[in-house]
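Here's upload-v7.txt, which has compact mmCIF, C-alpha atoms:
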```txt
# COMPACT_ATOMS: atom_id res chain seq x y z
CA ASP Z 264 -9.67 -7.12 16.91
CA ALA Z 265 -6.67 -4.81 16.66
CA GLY Z 266 -5.48 -3.95 13.21
CA VAL Z 267 -1.90 -3.36 12.18
CA THR Z 268 -0.10 -1.27 14.78
CA GLN Z 269 3.12 0.65 14.23
CA SER Z 270 5.43 2.50 16.57
CA PRO Z 271 6.54 5.16 16.95
CA THR Z 272 4.14 7.41 15.05
CA HIS Z 273 6.73 10.12 14.50
CA LEU Z 274 10.50 10.16 14.67
CA ILE Z 275 13.18 12.79 14.08
CA LYS Z 276 16.75 11.71 13.39
CA THR Z 277 19.91 13.30 12.02
CA ARG Z 278 21.95 12.16 9.06
CA GLY Z 279 24.14 9.16 9.74
CA GLN Z 280 22.03 7.87 12.60
CA GLN Z 281 20.24 4.55 12.73
CA VAL Z 282 16.54 3.95 13.28
CA THR Z 283 14.31 1.00 14.19
CA LEU Z 284 10.62 0.95 13.41
CA ARG Z 285 8.22 -1.65 14.80
CA CYS Z 286 5.09 -3.34 13.55
CA SER Z 287 2.54 -5.74 14.98
CA PRO Z 288 0.41 -7.45 12.34
CA LYS Z 289 -3.33 -7.92 12.35
CA SER Z 290 -4.48 -10.94 14.30
CA GLY Z 291 -4.32 -14.06 12.18
CA HIS Z 292 -1.81 -12.62 9.71
CA ASP Z 293 1.57 -14.25 9.23
CA THR Z 294 3.17 -12.05 6.58
CA VAL Z 295 4.55 -8.54 7.04
CA SER Z 296 5.55 -6.14 4.28
CA TRP Z 297 7.21 -2.75 4.60
CA TYR Z 298 6.65 0.17 2.26
CA GLN Z 299 8.15 3.63 1.98
CA GLN Z 300 5.88 6.48 0.95
CA ALA Z 301 7.41 9.79 -0.03
CA LEU Z 302 5.25 12.90 0.08
CA GLY Z 303 2.82 12.96 -2.81
CA GLN Z 304 3.79 9.49 -4.04
CA GLY Z 305 2.43 6.01 -3.82
CA PRO Z 306 3.97 3.48 -1.44
CA GLN Z 307 7.11 1.67 -2.63
CA PHE Z 308 7.85 -1.88 -1.61
CA ILE Z 309 10.89 -2.36 0.62
CA PHE Z 310 10.64 -6.05 1.57
CA GLN Z 311 8.38 -8.78 2.85
CA TYR Z 312 8.86 -11.22 5.71
CA TYR Z 313 7.27 -14.62 6.11
CA GLU Z 314 8.25 -17.37 8.53
CA GLU Z 315 10.94 -15.07 9.94
CA GLU Z 316 12.72 -14.81 6.61
CA GLU Z 317 12.92 -12.11 3.96
CA ARG Z 318 10.87 -13.51 1.11
CA GLN Z 319 11.15 -10.69 -1.40
CA ARG Z 320 12.99 -7.40 -1.58
CA GLY Z 321 12.35 -4.25 -3.55
CA ASN Z 322 14.89 -1.84 -4.95
CA PHE Z 323 16.31 -0.56 -1.67
CA PRO Z 324 19.95 -0.54 -0.53
CA ASP Z 325 21.35 -2.84 2.13
CA ARG Z 326 21.08 0.01 4.65
CA PHE Z 327 17.49 -1.15 4.92
CA SER Z 328 17.14 -4.37 6.85
CA GLY Z 329 14.44 -6.12 8.73
CA HIS Z 330 13.46 -8.88 11.02
CA GLN Z 331 10.39 -10.93 11.80
CA PHE Z 332 9.86 -12.51 15.19
CA PRO Z 333 8.12 -15.80 16.06
CA ASN Z 334 4.97 -13.88 17.02
CA TYR Z 335 4.94 -12.43 13.46
CA SER Z 336 5.79 -8.90 14.57
CA SER Z 337 8.48 -7.16 12.59
CA GLU Z 338 11.13 -4.47 12.71
CA LEU Z 339 12.54 -2.26 9.98
CA ASN Z 340 16.07 -0.96 10.52
CA VAL Z 341 17.67 1.80 8.51
CA ASN Z 342 21.37 2.53 8.96
CA ALA Z 343 23.39 5.60 7.99
CA LEU Z 344 20.30 7.73 7.47
CA LEU Z 345 20.20 10.12 4.53
CA LEU Z 346 18.01 13.17 4.06
CA GLY Z 347 16.24 11.27 1.30
CA ASP Z 348 15.10 8.62 3.76
CA SER Z 349 12.57 11.09 5.14
CA ALA Z 350 9.20 9.52 4.40
CA LEU Z 351 6.18 7.73 5.82
CA TYR Z 352 7.07 4.11 6.52
CA LEU Z 353 4.14 1.77 6.27
CA CYS Z 354 3.79 -1.73 7.54
CA ALA Z 355 1.23 -4.04 5.97
CA SER Z 356 0.18 -7.49 7.07
CA SER Z 357 -1.56 -10.28 5.24
CA ARG Z 358 -2.19 -13.98 5.24
CA ARG Z 359 0.15 -15.32 2.59
CA ALA Z 360 -0.64 -13.58 -0.71
CA GLU Z 361 -4.03 -12.20 0.29
CA LYS Z 362 -5.04 -8.56 0.61
CA LEU Z 363 -2.72 -6.20 2.46
CA PHE Z 364 -3.90 -4.31 5.51
CA PHE Z 365 -1.83 -1.25 6.41
CA GLY Z 366 -0.97 0.43 9.66
CA SER Z 367 -1.01 4.20 10.08
CA GLY Z 368 2.71 4.43 9.50
CA THR Z 369 5.74 6.02 11.10
CA GLN Z 370 6.63 9.48 9.85
CA LEU Z 371 10.42 9.69 9.76
CA SER Z 372 12.16 13.03 9.39
CA VAL Z 373 15.91 13.09 8.79
CA LEU Z 374 17.59 16.44 9.48
CA GLY N 8 10.59 -1.52 -14.06
CA GLU N 9 6.93 -1.70 -13.20
CA SER N 10 4.61 1.23 -13.58
CA VAL N 11 1.12 1.78 -12.43
CA GLY N 12 -0.33 5.08 -13.50
CA LEU N 13 -3.48 7.03 -13.03
CA HIS N 14 -5.07 9.04 -15.79
CA LEU N 15 -6.12 11.97 -13.59
CA PRO N 16 -4.19 13.25 -10.59
CA THR N 17 -7.21 15.17 -9.22
CA LEU N 18 -10.95 14.73 -9.41
CA SER N 19 -13.72 16.94 -8.04
CA VAL N 20 -17.33 15.74 -7.85
CA GLN N 21 -20.54 17.01 -6.40
CA GLU N 22 -21.92 15.22 -3.38
CA GLY N 23 -24.37 12.56 -4.49
CA ASP N 24 -22.82 12.13 -7.94
CA ASN N 25 -20.96 9.01 -9.01
CA SER N 26 -17.15 9.06 -9.17
CA ILE N 27 -14.93 7.13 -11.51
CA ILE N 28 -11.21 6.82 -10.85
CA ASN N 29 -9.07 5.22 -13.54
CA CYS N 30 -5.79 3.35 -13.44
CA ALA N 31 -3.53 1.95 -16.14
CA TYR N 32 -1.10 -0.86 -15.47
CA SER N 33 1.78 -1.98 -17.61
CA ASN N 34 2.48 -5.58 -16.66
CA SER N 35 0.21 -8.01 -18.43
CA ALA N 36 1.31 -10.70 -15.98
CA SER N 37 -0.32 -8.89 -13.06
CA ASP N 38 -3.12 -11.04 -11.72
CA TYR N 39 -4.31 -9.34 -8.56
CA PHE N 40 -5.36 -5.73 -8.05
CA ILE N 41 -6.42 -3.70 -5.04
CA TRP N 42 -7.87 -0.23 -4.60
CA TYR N 43 -6.88 1.72 -1.50
CA LYS N 44 -8.15 4.95 0.05
CA GLN N 45 -5.72 7.10 1.98
CA GLU N 46 -6.79 9.99 4.14
CA SER N 47 -4.36 12.60 5.35
CA GLY N 48 -2.13 11.30 8.13
CA LYS N 49 -3.36 7.74 7.82
CA GLY N 50 -2.24 4.55 6.16
CA PRO N 51 -3.93 3.19 3.03
CA GLN N 52 -7.30 1.61 3.72
CA PHE N 53 -8.41 -1.44 1.73
CA ILE N 54 -11.47 -0.74 -0.42
CA ILE N 55 -11.92 -3.62 -2.84
CA ASP N 56 -9.86 -6.15 -4.74
CA ILE N 57 -10.19 -8.14 -7.94
CA ARG N 58 -8.32 -11.04 -9.50
CA SER N 59 -7.56 -11.32 -13.17
CA ASN N 60 -10.10 -14.09 -13.70
CA MET N 61 -12.87 -11.53 -13.08
CA ASP N 62 -13.99 -8.44 -15.01
CA LYS N 63 -16.11 -6.81 -12.35
CA ARG N 64 -16.57 -6.93 -8.63
CA GLN N 65 -18.97 -4.99 -6.46
CA GLY N 66 -18.83 -3.90 -2.86
CA GLN N 67 -20.79 -1.48 -0.79
CA ARG N 68 -21.19 1.62 -3.03
CA VAL N 69 -18.04 0.65 -4.93
CA THR N 70 -17.43 -1.31 -8.11
CA VAL N 71 -14.11 -2.26 -9.64
CA LEU N 72 -13.85 -2.97 -13.35
CA LEU N 73 -10.89 -4.75 -14.92
CA ASN N 74 -10.15 -4.64 -18.64
CA LYS N 75 -7.20 -6.92 -19.26
CA THR N 76 -7.19 -6.25 -22.99
CA VAL N 77 -6.15 -2.63 -22.51
CA LYS N 78 -4.65 -3.14 -19.04
CA HIS N 79 -7.05 -0.75 -17.37
CA LEU N 80 -8.66 -0.70 -13.95
CA SER N 81 -11.36 1.60 -12.67
CA LEU N 82 -13.04 2.30 -9.36
CA GLN N 83 -16.60 3.53 -9.36
CA ILE N 84 -18.04 5.11 -6.22
CA ALA N 85 -21.80 5.53 -6.16
CA ALA N 86 -23.49 8.48 -4.48
CA THR N 87 -20.19 10.07 -3.46
CA GLN N 88 -20.14 11.51 0.03
CA PRO N 89 -17.85 14.10 1.68
CA GLY N 90 -16.25 11.27 3.65
CA ASP N 91 -15.04 9.81 0.36
CA SER N 92 -12.63 12.72 -0.08
CA ALA N 93 -9.16 11.20 -0.03
CA VAL N 94 -6.34 9.99 -2.26
CA TYR N 95 -7.09 6.74 -4.06
CA PHE N 96 -4.40 4.30 -5.15
CA CYS N 97 -4.55 1.27 -7.33
CA ALA N 98 -2.02 -1.48 -6.65
CA GLU N 99 -1.06 -4.48 -8.75
CA THR N 100 0.97 -7.60 -8.23
CA TYR N 101 2.09 -10.61 -10.23
CA THR N 102 4.12 -12.22 -7.48
CA GLY N 103 1.57 -12.01 -4.74
CA ASN N 104 4.28 -10.53 -2.54
CA GLN N 105 5.31 -7.18 -3.99
CA PHE N 106 2.59 -4.69 -4.83
CA TYR N 107 3.20 -1.80 -7.20
CA PHE N 108 1.29 1.39 -6.46
CA GLY N 109 0.39 4.28 -8.72
CA THR N 110 0.93 7.90 -7.69
CA GLY N 111 -2.71 8.31 -6.64
CA THR N 112 -5.77 10.37 -7.53
CA SER N 113 -6.99 13.01 -5.15
CA LEU N 114 -10.79 12.98 -4.92
CA THR N 115 -12.55 16.06 -3.58
CA VAL N 116 -16.27 15.91 -2.89
CA ILE N 117 -18.02 19.24 -3.07
CA PRO N 118 -20.96 19.52 -0.64
```
Let me see the structure of the file written as structure tokens.
Amino acid sequence: DAGVTQSPTHLIKTRGQQVTLRCSPKSGHDTVSWYQQALGQGPQFIFQYYEEEERQRGNFPDRFSGHQFPNYSSELNVNALLLGDSALYLCASSRRAEKLFFGSGTQLSVL
Amino acid sequence: GESVGLHLPTLSVQEGDNSIINCAYSNSASDYFIWYKQESGKGPQFIIDIRSNMDKRQGQRVTVLLNKTVKHLSLQIAATQPGDSAVYFCAETYTGNQFYFGTGTSLTVIP
């Protein structure tokens, strides 16, 4: 049984560019959440998707957007990248409000 | 805003000893808590969870204690092993959707 898978594992972009990160949830999970983890910090909630809709959003600007597909997979899009967007982006899946299972993350570097 | 804090940023223990990692939370409405272990270069790994209607929950070599009166959570690891070396995060939620993470405690096990 595959866990949460994320792609790519690493990504290097320049300021102003746009990026798309992808996530496939654990089998049987219908909810996907995205978190940003800066170096030395705990993960911070970006948003959560359920039934292809954004159910809750954290304190992130509109440059951060997402999508959930009918097969429950999800994408995180970040527009107009800033240096401060450099971080580990984590996808977590769950069944409704049950425990979160995380992927290994995408390490994004903005130069 | 929410805050989840840890009393000690680093903890060193001898192999075979018991470890205790503490966490304070600020929102008395939080009703679900999870402990995660994060190794370098990996995503957070679920360890154990507890709901607010419980005071204690045990897993394999781990025990979580919840004191709602003082809003305190602890993770006890029995017979700590070198493989337990990692950063440990507590996470809380009152919505069931957005989890708030602390900054983490780095556990080092000395052989």
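What separates atom CA of N:Ile84 from atom CA of N:Val20 is a distance of 10.8 Å.
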Item to complete: Please report as a PyMOL selection string which residues of chain N come no farther than 12 Å from chain Z, using all atoms listed in the file.
Response: chain N and resi 8-13+16+38-58+94-113
Fill in: 12 Å contact set for N:Thr87, only C-alpha atoms, chain neighbours under 5 positions out, as a list in words
Leu18, Ser19, Val20, Gln21, Glu22, Gly23, Asp24, Asn25, Ser26, Ile27, Gln67, Arg68, Val69, Ser92, Ala93, Leu114, Thr115, Val116, Ile117 and Pro118 of chain N
Discussion item. With all atoms listed in the file as the counted atoms, please give the residues lying no more than 12 Å from N:Thr76, apart from itself and same-chain residues fewer than 2 positions off, as JSON, numbers by chain.
Written reply: {"N": [31, 32, 33, 34, 35, 36, 59, 62, 73, 74, 78, 79, 80]}
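For the atom pair formed by atom CA of N:Ser37 and atom CA of Z:His292, the distance is 23.1 Å, given to one decimal.
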Quick one: residues within 7 Å of Z:Val341, all atoms listed in the file, excluding same-chain residues fewer than 6 positions away - as a short mmCIF file (atom, residue, chain, number, x, y, z; two decimals) with C-alpha atoms, in the frame of the given file?
```cif
data_model
loop_
_atom_site.label_atom_id
_atom_site.label_comp_id
_atom_site.auth_asym_id
_atom_site.auth_seq_id
_atom_site.Cartn_x
_atom_site.Cartn_y
_atom_site.Cartn_z
CA GLN Z 281 20.24 4.55 12.73
CA VAL Z 282 16.54 3.95 13.28
CA THR Z 283 14.31 1.00 14.19
CA ARG Z 326 21.08 0.01 4.65
CA PHE Z 327 17.49 -1.15 4.92
CA SER Z 328 17.14 -4.37 6.85
#
```
Discussion item. Please list as a list in words every residue within 7 Å of Z:Ser270, counting only C-alpha atoms and excluding residues in the same chain fewer than 2 positions away.
Written reply: Thr268, Thr272, Leu284, Arg285, Cys286 and Thr369 of chain Z
Worksheet entry | d(atom CA of Z:Ser349, atom CA of Z:Ser372) in Å | 4.7 Å
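Using all atoms listed in the file, the nearest neighbour of Z:Asp348 within the list Z:Gln299, Z:Gln269, Z:Ser290, Z:Asn334 is Z:Gln299.
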